[in-house]
Structure formats: C-alpha cells, structure tokens
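A.B. asks: Quick one: this structure, given as structure tokens, is what I'll be asking you about.
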Number of protein chains: 2
Amino acid sequence: MATIREIAKASGFSIATVSRVLSGSENVTEETRKKIFKVIKELDYRRSQSIKGSSFRGIGVLVPDLKEDFYGMVAEGIEEVLLKNHFEMFLSTYRHSLEKERDALEEFFARKVDGVIVCTTYQDEECLEKFIEAGIPVVAVDRENTELKMDIVTIDNYASSLKIAKYLYDMGHRKVLHVEGLIEVYSARERKQAFMDFAQKKEDFNVTFIPATFDVKDGYIAIKKYLDKYGKNFTAIFFANDWMALGGIKALKEAGLNYPEDISIVGFDDSPLAKYLYPSLTTIKQPVYEMGLNAAKLLIEKLEGKNESKVKRRVILPTKLIIRDSVRKI
Amino acid sequence: MATIREIAKASGFSIATVSRVLSGSENVTEETRKKIFKVIKELDYRRSQSIKGSSFRGIGVLVPDLKEDFYGMVAEGIEEVLLKNHFEMFLSTYRHSLEKERDALEEFFARKVDGVIVCTTYQDEECLEKFIEAGIPVVAVDRENTELKMDIVTIDNYASSLKIAKYLYDMGHRKVLHVEGLIEVYSARERKQAFMDFAQKKEDFNVTFIPATFDVKDGYIAIKKYLDKYGKNFTAIFFANDWMALGGIKALKEAGLNYPEDISIVGFDDSPLAKYLYPSLTTIKQPVYEMGLNAAKLLIEKLEGKNESKVKRRVILPTKLIIRDSVRKI
C-alpha cells in the first residue's frame, strides 16, 4: 500500500485527515472518505502495474570475500551495469572455501538465476558446467582458459608480472624475493611463472619464492620468517598484491630496514593503499572496476541474444606499471 | 537438467555413452537408451522437488560502498546469518548518493523483498516508512534513534570518541585536531560531539575541527592544507576513521613530521590497516562483522514472529580502545 504521505499528497488532504480515514475515525465526512479511498485504489493499482512490469531477473555473483577492496570494486562494477539493465544482483561470498563455493552455486541454480558471474578458482568446473548445460550463461573474472563454454574477463597477469621483473632488473636488482598469492588462484600462478621464466632467461637474476595467500598477515609473516632465517640477502621484494606489501613493510621496519633505501618494494593491484603509503608504492594498476563492468556487459549480451555465436570470448583488459617511490636504482 | 557427469554417475554408464544417448546417436542399444532416460527423469524430478522446497525469500541490503573494508565486513556478517536461515541477500550500494539510495529502496520494494537492512543516513526516512507501513521489517545499522518503528544495531559512538579524548588528555595532549567523518552520517556527528563536549568541560583542552568525508584522500588533504596554513601548532590528531589516518600520515611525513615522535595519531574502526601500519595505529575497535550478524538476527526474529512485541530494539555493541604505538606521552 502507498504511504500516508503519498496518499495525502495525491488526494490533496492533510496527513491528519488521511490518518483519520485509515484509522476508521468518525470525524470525517463521507465525501472525504470516498475521495481518499479512491486515491488509495489508484495508487495501489499503479504499484501493482509497476511490480508486474519488473518481472524478477536475477544474476548470481560469487566472490571469495569483501574484506579488502579488490572484490568489492569488482562487485560495484558488475552492479553498475546490472542495475542499468534492470537485473538484480545476488552477491555471495565463499570465504575461500571450496565447499561454500559449491553450496553458493547450488543455491544460485536452485533459485533459477538468469546468469552467473564468478570470481573463483578452477576447482568448481563441475558446478559451472551444470549452468552452461542448462543454458544459463556464465562469465568468469580473472580465470584461465578452460574447456567450459564461458566468457572470461581478465588481465594479462603474466605480461604484467614480467613488466615488474624487467623493471627491477633494469633498476639493478639481481636478488629478489617473490611473496606469492594463493597458488590455487590463476592470477597468482601466472605472476609467479613470469618471474620464474625471467630468472631462467637472465642468468644473473635470482628469485626466491615464498608461498603465501594474498592476505596482509601473510606478507608480514613471510618477510619476518625470511629475515629471521637468512637475514637481508636480497635487494627487492615483489608482493603478489599491495596488502601483502603493507604487511611485509612492517616486518622490514621492525628489523630496522627502510624502503626504498635498504629494500625496494613492488606490489600489484594499485589498491587505494598504494598511493597513500609513504613512500608511495610502485605497483601494477589493474582496472578492477572495469573488470566488473565488462563481465556484466558480456553476460547481458548473452542473455539478450546479442551474441548469438557460440565462440567463447576472452576479454583482456590493459594494466599499467605505476612507478612511484618504493624502488631504488642500485 | 542434470549434468552429463551426474547422469553417468547415477546410471553407471560412461560419460561417452551418456553423451551418445543425448546427442541421439544410433550407436547405442535401445535398453541402454531407456535406462539412461529413466535416470535423467529421476534426477530431474529430484531437482524440481528441491526447487519447490526453496521458495524465494530475499532480503534487501543497502550499503554506501564496498571499496573499503568497513561495509564489506558488515555485509559478510549479514550474509552469514541470512544463508544459514535460507534467505537470499540482494546487496546494493548507493555510492553515497541520496538519489541512488532512494532508487535502490524503490527497487527492493517493487521486488517485494521480505525485509530490509540499511546502512544509510537519516535522509531516507520517507522511503523506509513505506516498508514499515507495508509490514516489511527494516533493521538499520549505525543509525540514531528515530520515530520509525525499526530495530537498530549500533555502537556507542559518543562514548567511544570520549574514550579517545580522555586518553589523549591523559597522555598530555592539549591542542588536538579532529578530522571529521561525513557529517550527514550519525556516527560522524556523535564522534565530533564527544570531542566538543570534552573540550567545553576541560578548559585547557583545545580542539580544531576539520570537515571531511571518511575518505582516505580527505585525510591527506585536511592535514596538508592545515599544515600549509597554520604549521605544526598541535600535538595530536584524531581521525574519524583509520583510512583517513593513513592519508593524514602521508601529509605529515611529506612535511617531515613523524608519528608518534612529532605528532600523535588516533584512528577509528580498527580496520586491517591499523595493525599493519608501522608504527601501528591506536584506534577504537568496532565489532563490524558482529554488527552485520546482529542486524540479520534481529530481522529474522521479526520475520519468524519470535519478536511479537512492537517495542523498537536498539542493540548497542561494545567497542574497545586498542592502544598501539601511535600516541606519545608528552
């Protein structure tokens, strides 16, 4: 039902009068009562028409978490496009748990969503296959090529990471640590591989790889443990994301080391953090918001039949090395 | 329909055989074909039963943004409870725009959500009234008391801010800056008010208030402009959240000032940032995730009729002053 305020506005009577009519008070003329009920009927009719018009169309969106900024920005990009096209977003997080990931996808399926956008690992292929076989389009963000018939929006993680390796090499660094992202994640594997390949090509470039999970805490622990065990036998660190760089910088400072004077630092993502650290952080800018926008656009094209072809699309968005103040030439 | 893999597993035939049956190949015996189609029918029946069981129940959740960690954590808390109770979450962001906020609420209303959880400002009362009048329960996070019949989950922003004022006073600080949060937001007004009242009570405690918006950039600009204009005529800064503290610290360092040696710093929220800054940040810990959990619990109690009383509930969760390394005794 319409609100008292809306009824008063549409009928020209005061809120008090409308209120009296609705509460069944005797203190109103029959004429007023009739007029007000007529307005209520009209308003309700318009409401029911508008509900009819907006038949429910929903898109399931699955991200690992919302506790740092990355996936929140992807989700904001997706939402922007979905809303413009009158789709509702069902956003679920799976807290990096494969079991929760499968549950969430099952839930989407049972709820008969019209499409799915996933920012997930490779271990859920079987679940995604079910959507595709049922004719429900799926778009994946930041994922490697698979047999599945789904569009993918990503960046070139390998080339981006290679830019960092080359930049550090050109700045004179020869002994480098790489604090890895969660290795189940495609982007983490690609970033690592680029450094491995570059080190293989350049005989005088040495990289030590430290497993981690993209979490700020892991950046701290990785560097703390390494320094405790081996001391400062390196000149630069490449962290698989900016948040781990924040953690790692803390471990360095606790050990009395500063950046870029003692150790050079590079991150990845260009999160809001990177610009506001002091010294500011050299990093790779990912178009995170745009990845969300593009994923939603691909999905809607499929839903509206604008992309009739069965060819899988792989949209690769550009990245940029943002040189700030965290790397020193040696 | 079930996946080829599921059909193969349930029927005992190979994926290749199932595939041949589905594609209508001649290369299968009539018996095999019948068996496989029987399995498909059974699987589909089970599927349709499970869809029937999960009749659609959705909760609209409205937050200003997901680009920092605060509202993402609130949303994760809400989701945790909703999923356990078989509700779907419609998450919308309104990018701090009153117009988008109203649109999103209209959309929730048209979609006939079963309940609404809002992290919004006071300017949307009229929109929320409509839900309440229609019998759709509303729970608000971090909001002041209003005439509206809705439950509220919050912290005591005033008392928390007062803790900071007292702590700074006890540490010897007498000339303090407060970089405010967005003043349309209830929590920002309360945090400011506590400092104003404390300064009024203690004659030797001076506070300069600088308007800002909770955004990291604003923390930087506020301090940069202040230093340019007045120089370092204060000994401590209270930032209305941790992200603004990050920005402000950058401005201090650019001016050659360190914390806590030259200037003491206090933030608010205890975001992941606070612990990993170096020196680490003294701040108020808000139970952000728990605010989400509690909001969802209140809503579900209302929906399930466990809270029959018409009394509005105001749940105030505890905060804690986390003393780290960013304040010096002078």
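We label chains A, B, ... in the order they appear in the structure tokens, count residues from 1 in each chain, and number ligands from 1 in the order shown.
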For chain A, list the residues within 7 Å of chain B, counting only C-alpha atoms, and write the list as an NGL selection string.
C.D. replies: :A and (1-3 or 51 or 66-69 or 72-73 or 89-91 or 110-111 or 130 or 133-134 or 246-247 or 250 or 276-278)
A.B. asks: Could you find all residues in range 149-229 of chain A that DSSP calls strand (DSSP E) from the backbone, and write them as a count of residues only?
C.D. replies: 15
A.B. asks: Got a sec to tell me which of range 32-146 of chain A DSSP assigns to helix (DSSP H, G or I), as an MDAnalysis selection string?
C.D. replies: chainID A and resid 32:53 69:84 98:110 122:133
A.B. asks: Which neighbours of Thr213 in chain B fall inside 12 Å, counting only C-alpha atoms, when residues of the same chain fewer than 3 positions from it are skipped, and could you give them as a CSV table (one decimal) with all heavy atoms, in the first residue's frame?
C.D. replies:
```csv
chain,number,residue,atom,x,y,z
B,96,HIS,N,27.0,6.7,-1.8
B,96,HIS,CA,26.8,8.0,-1.1
B,96,HIS,C,25.9,9.0,-1.8
B,96,HIS,O,26.0,10.2,-1.6
B,96,HIS,CB,28.2,8.6,-0.8
B,96,HIS,CG,29.1,7.7,0.0
B,96,HIS,ND1,29.0,7.6,1.4
B,96,HIS,CD2,30.0,6.8,-0.4
B,96,HIS,CE1,29.9,6.7,1.7
B,96,HIS,NE2,30.5,6.2,0.7
B,179,VAL,N,39.8,15.4,12.5
B,179,VAL,CA,39.4,15.3,11.1
B,179,VAL,C,38.1,14.5,11.1
B,179,VAL,O,38.1,13.3,11.3
B,179,VAL,CB,40.5,14.7,10.2
B,179,VAL,CG1,40.0,14.6,8.7
B,179,VAL,CG2,41.8,15.4,10.3
B,180,GLU,N,37.0,15.2,10.8
B,180,GLU,CA,35.7,14.7,10.9
B,180,GLU,C,35.3,13.7,9.8
B,180,GLU,O,35.8,13.7,8.7
B,180,GLU,CB,34.6,15.8,10.8
B,180,GLU,CG,34.8,16.9,11.9
B,180,GLU,CD,33.9,18.1,11.6
B,180,GLU,OE1,33.0,18.0,10.7
B,180,GLU,OE2,34.2,19.2,12.2
B,181,GLY,N,34.3,12.8,10.1
B,181,GLY,CA,33.7,12.0,9.1
B,181,GLY,C,32.6,12.8,8.4
B,181,GLY,O,32.3,13.9,8.8
B,182,LEU,N,32.0,12.2,7.4
B,182,LEU,CA,30.9,12.8,6.7
B,182,LEU,C,29.8,13.2,7.6
B,182,LEU,O,29.2,12.3,8.3
B,182,LEU,CB,30.4,11.9,5.6
B,182,LEU,CG,29.4,12.4,4.6
B,182,LEU,CD1,30.0,13.4,3.7
B,182,LEU,CD2,28.8,11.2,3.8
B,183,ILE,N,29.5,14.5,7.8
B,183,ILE,CA,28.7,14.9,8.9
B,183,ILE,C,27.2,14.6,8.7
B,183,ILE,O,26.4,14.6,9.7
B,183,ILE,CB,28.9,16.5,9.1
B,183,ILE,CG1,28.8,16.8,10.6
B,183,ILE,CG2,28.0,17.3,8.2
B,183,ILE,CD1,29.9,16.2,11.5
B,184,GLU,N,26.8,14.1,7.5
B,184,GLU,CA,25.4,13.6,7.3
B,184,GLU,C,25.3,12.3,8.0
B,184,GLU,O,24.2,11.8,8.3
B,184,GLU,CB,25.1,13.4,5.8
B,184,GLU,CG,24.8,14.6,5.1
B,184,GLU,CD,26.0,15.4,4.7
B,184,GLU,OE1,27.1,14.9,4.7
B,184,GLU,OE2,25.9,16.6,4.4
B,185,VAL,N,26.4,11.6,8.4
B,185,VAL,CA,26.3,10.3,9.0
B,185,VAL,C,26.3,10.4,10.5
B,185,VAL,O,27.1,11.1,11.1
B,185,VAL,CB,27.5,9.5,8.5
B,185,VAL,CG1,27.5,8.1,9.2
B,185,VAL,CG2,27.5,9.3,7.0
B,187,SER,N,27.2,8.5,12.9
B,187,SER,CA,28.4,8.2,13.7
B,187,SER,C,29.4,9.3,13.7
B,187,SER,O,30.1,9.6,14.7
B,187,SER,CB,29.0,6.9,13.2
B,187,SER,OG,29.4,7.0,11.8
B,188,ALA,N,29.5,10.0,12.6
B,188,ALA,CA,30.4,11.1,12.4
B,188,ALA,C,30.0,12.3,13.4
B,188,ALA,O,30.9,12.9,14.0
B,188,ALA,CB,30.5,11.6,11.0
B,189,ARG,N,28.7,12.5,13.4
B,189,ARG,CA,28.2,13.6,14.3
B,189,ARG,C,28.5,13.3,15.8
B,189,ARG,O,28.9,14.2,16.5
B,189,ARG,CB,26.7,13.9,14.1
B,189,ARG,CG,26.4,14.5,12.7
B,189,ARG,CD,25.0,15.1,12.7
B,189,ARG,NE,24.0,14.1,13.0
B,189,ARG,CZ,23.5,13.2,12.1
B,189,ARG,NH1,24.0,13.2,10.9
B,189,ARG,NH2,22.5,12.4,12.5
B,210,ILE,N,38.1,19.8,11.5
B,210,ILE,CA,38.3,19.9,10.1
B,210,ILE,C,37.3,19.0,9.4
B,210,ILE,O,37.3,17.8,9.6
B,210,ILE,CB,39.7,19.5,9.7
B,210,ILE,CG1,40.7,20.3,10.5
B,210,ILE,CG2,39.9,19.8,8.2
B,210,ILE,CD1,42.2,19.9,10.2
B,216,VAL,N,40.0,8.3,2.4
B,216,VAL,CA,41.5,8.4,2.6
B,216,VAL,C,42.1,9.7,2.1
B,216,VAL,O,42.9,10.3,2.7
B,216,VAL,CB,42.2,7.1,2.0
B,216,VAL,CG1,41.9,6.9,0.5
B,216,VAL,CG2,43.7,7.2,2.2
B,217,LYS,N,41.6,10.1,0.9
B,217,LYS,CA,42.1,11.3,0.2
B,217,LYS,C,41.8,12.5,1.1
B,217,LYS,O,42.7,13.4,1.2
B,217,LYS,CB,41.3,11.4,-1.1
B,217,LYS,CG,41.9,12.4,-2.0
B,217,LYS,CD,41.0,12.4,-3.3
B,217,LYS,CE,41.4,13.6,-4.2
B,217,LYS,NZ,40.5,13.6,-5.4
B,218,ASP,N,40.7,12.6,1.8
B,218,ASP,CA,40.3,13.7,2.6
B,218,ASP,C,41.2,13.8,3.8
B,218,ASP,O,41.5,14.9,4.3
B,218,ASP,CB,38.9,13.5,3.1
B,218,ASP,CG,38.0,14.3,2.2
B,218,ASP,OD1,38.2,14.4,1.0
B,218,ASP,OD2,37.0,15.0,2.7
B,219,GLY,N,41.7,12.7,4.3
B,219,GLY,CA,42.6,12.7,5.5
B,219,GLY,C,43.9,13.4,5.0
B,219,GLY,O,44.5,14.3,5.8
B,220,TYR,N,44.4,13.1,3.8
B,220,TYR,CA,45.6,13.7,3.3
B,220,TYR,C,45.4,15.2,3.1
B,220,TYR,O,46.2,16.0,3.6
B,220,TYR,CB,45.9,13.0,2.0
B,220,TYR,CG,47.1,13.6,1.3
B,220,TYR,CD1,48.4,13.4,1.7
B,220,TYR,CD2,46.9,14.4,0.1
B,220,TYR,CE1,49.5,14.0,1.0
B,220,TYR,CE2,48.0,15.0,-0.5
B,220,TYR,CZ,49.2,14.8,-0.1
B,220,TYR,OH,50.3,15.3,-0.7
B,221,ILE,N,44.3,15.5,2.4
B,221,ILE,CA,44.1,17.0,2.1
B,221,ILE,C,43.9,17.8,3.3
B,221,ILE,O,44.5,18.9,3.5
B,221,ILE,CB,42.9,17.1,1.1
B,221,ILE,CG1,43.2,16.5,-0.2
B,221,ILE,CG2,42.4,18.6,1.0
B,221,ILE,CD1,42.0,16.4,-1.1
B,222,ALA,N,43.2,17.3,4.3
B,222,ALA,CA,42.9,18.0,5.5
B,222,ALA,C,44.2,18.4,6.2
B,222,ALA,O,44.4,19.6,6.6
B,222,ALA,CB,42.0,17.2,6.5
B,239,PHE,N,41.5,11.1,13.9
B,239,PHE,CA,40.8,10.9,12.6
B,239,PHE,C,39.6,10.1,12.8
B,239,PHE,O,39.6,9.1,13.5
B,239,PHE,CB,41.7,10.2,11.6
B,239,PHE,CG,42.9,11.0,11.1
B,239,PHE,CD1,44.1,10.9,11.8
B,239,PHE,CD2,42.8,11.8,10.0
B,239,PHE,CE1,45.3,11.6,11.4
B,239,PHE,CE2,43.9,12.6,9.6
B,239,PHE,CZ,45.2,12.5,10.3
B,240,ALA,N,38.5,10.4,12.1
B,240,ALA,CA,37.2,9.7,12.3
B,240,ALA,C,37.2,8.3,11.8
B,240,ALA,O,36.3,7.6,12.1
B,240,ALA,CB,36.0,10.5,11.7
B,241,ASN,N,38.2,7.9,11.0
B,241,ASN,CA,38.4,6.5,10.7
B,241,ASN,C,39.9,6.3,10.3
B,241,ASN,O,40.7,7.2,10.2
B,241,ASN,CB,37.4,6.0,9.6
B,241,ASN,CG,37.8,6.5,8.2
B,241,ASN,OD1,38.8,7.2,8.0
B,241,ASN,ND2,37.0,6.1,7.2
B,243,TRP,N,41.3,4.9,7.7
B,243,TRP,CA,41.8,5.2,6.3
B,243,TRP,C,42.2,6.7,6.2
B,243,TRP,O,43.2,7.0,5.6
B,243,TRP,CB,40.7,4.9,5.3
B,243,TRP,CG,40.7,3.4,4.9
B,243,TRP,CD1,40.1,2.4,5.6
B,243,TRP,CD2,41.5,2.8,3.9
B,243,TRP,NE1,40.4,1.2,5.0
B,243,TRP,CE2,41.3,1.4,4.0
B,243,TRP,CE3,42.4,3.3,3.0
B,243,TRP,CZ2,41.9,0.5,3.1
B,243,TRP,CZ3,43.0,2.4,2.1
B,243,TRP,CH2,42.7,1.0,2.2
B,244,MET,N,41.4,7.6,6.8
B,244,MET,CA,41.8,9.0,6.8
B,244,MET,C,43.1,9.2,7.5
B,244,MET,O,43.9,10.0,7.2
B,244,MET,CB,40.7,9.9,7.4
B,244,MET,CG,39.5,10.0,6.5
B,244,MET,SD,38.5,11.5,6.8
B,244,MET,CE,38.0,11.2,8.5
```
A.B. asks: Could you check how far CA of Ile152 in chain A sits from CA of Pro64 in chain B, in Å to one decimal?
C.D. replies: 28.4 Å
A.B. asks: If you measure from CA of Cys119 in chain B to CA of Asp142 in chain B, what distance in Å do you get, rounded to one decimal?
C.D. replies: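 Between CA of Cys119 in chain B and CA of Asp142 in chain B the gap is 6.6 Å.
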A.B. asks: Find the distance between CA of Ala8 in chain B and CA of Leu128 in chain A and write it in Å to one decimal.
C.D. replies: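 Taking CA of Ala8 in chain B as the start and CA of Leu128 in chain A as the end point, the length is 17.2 Å.
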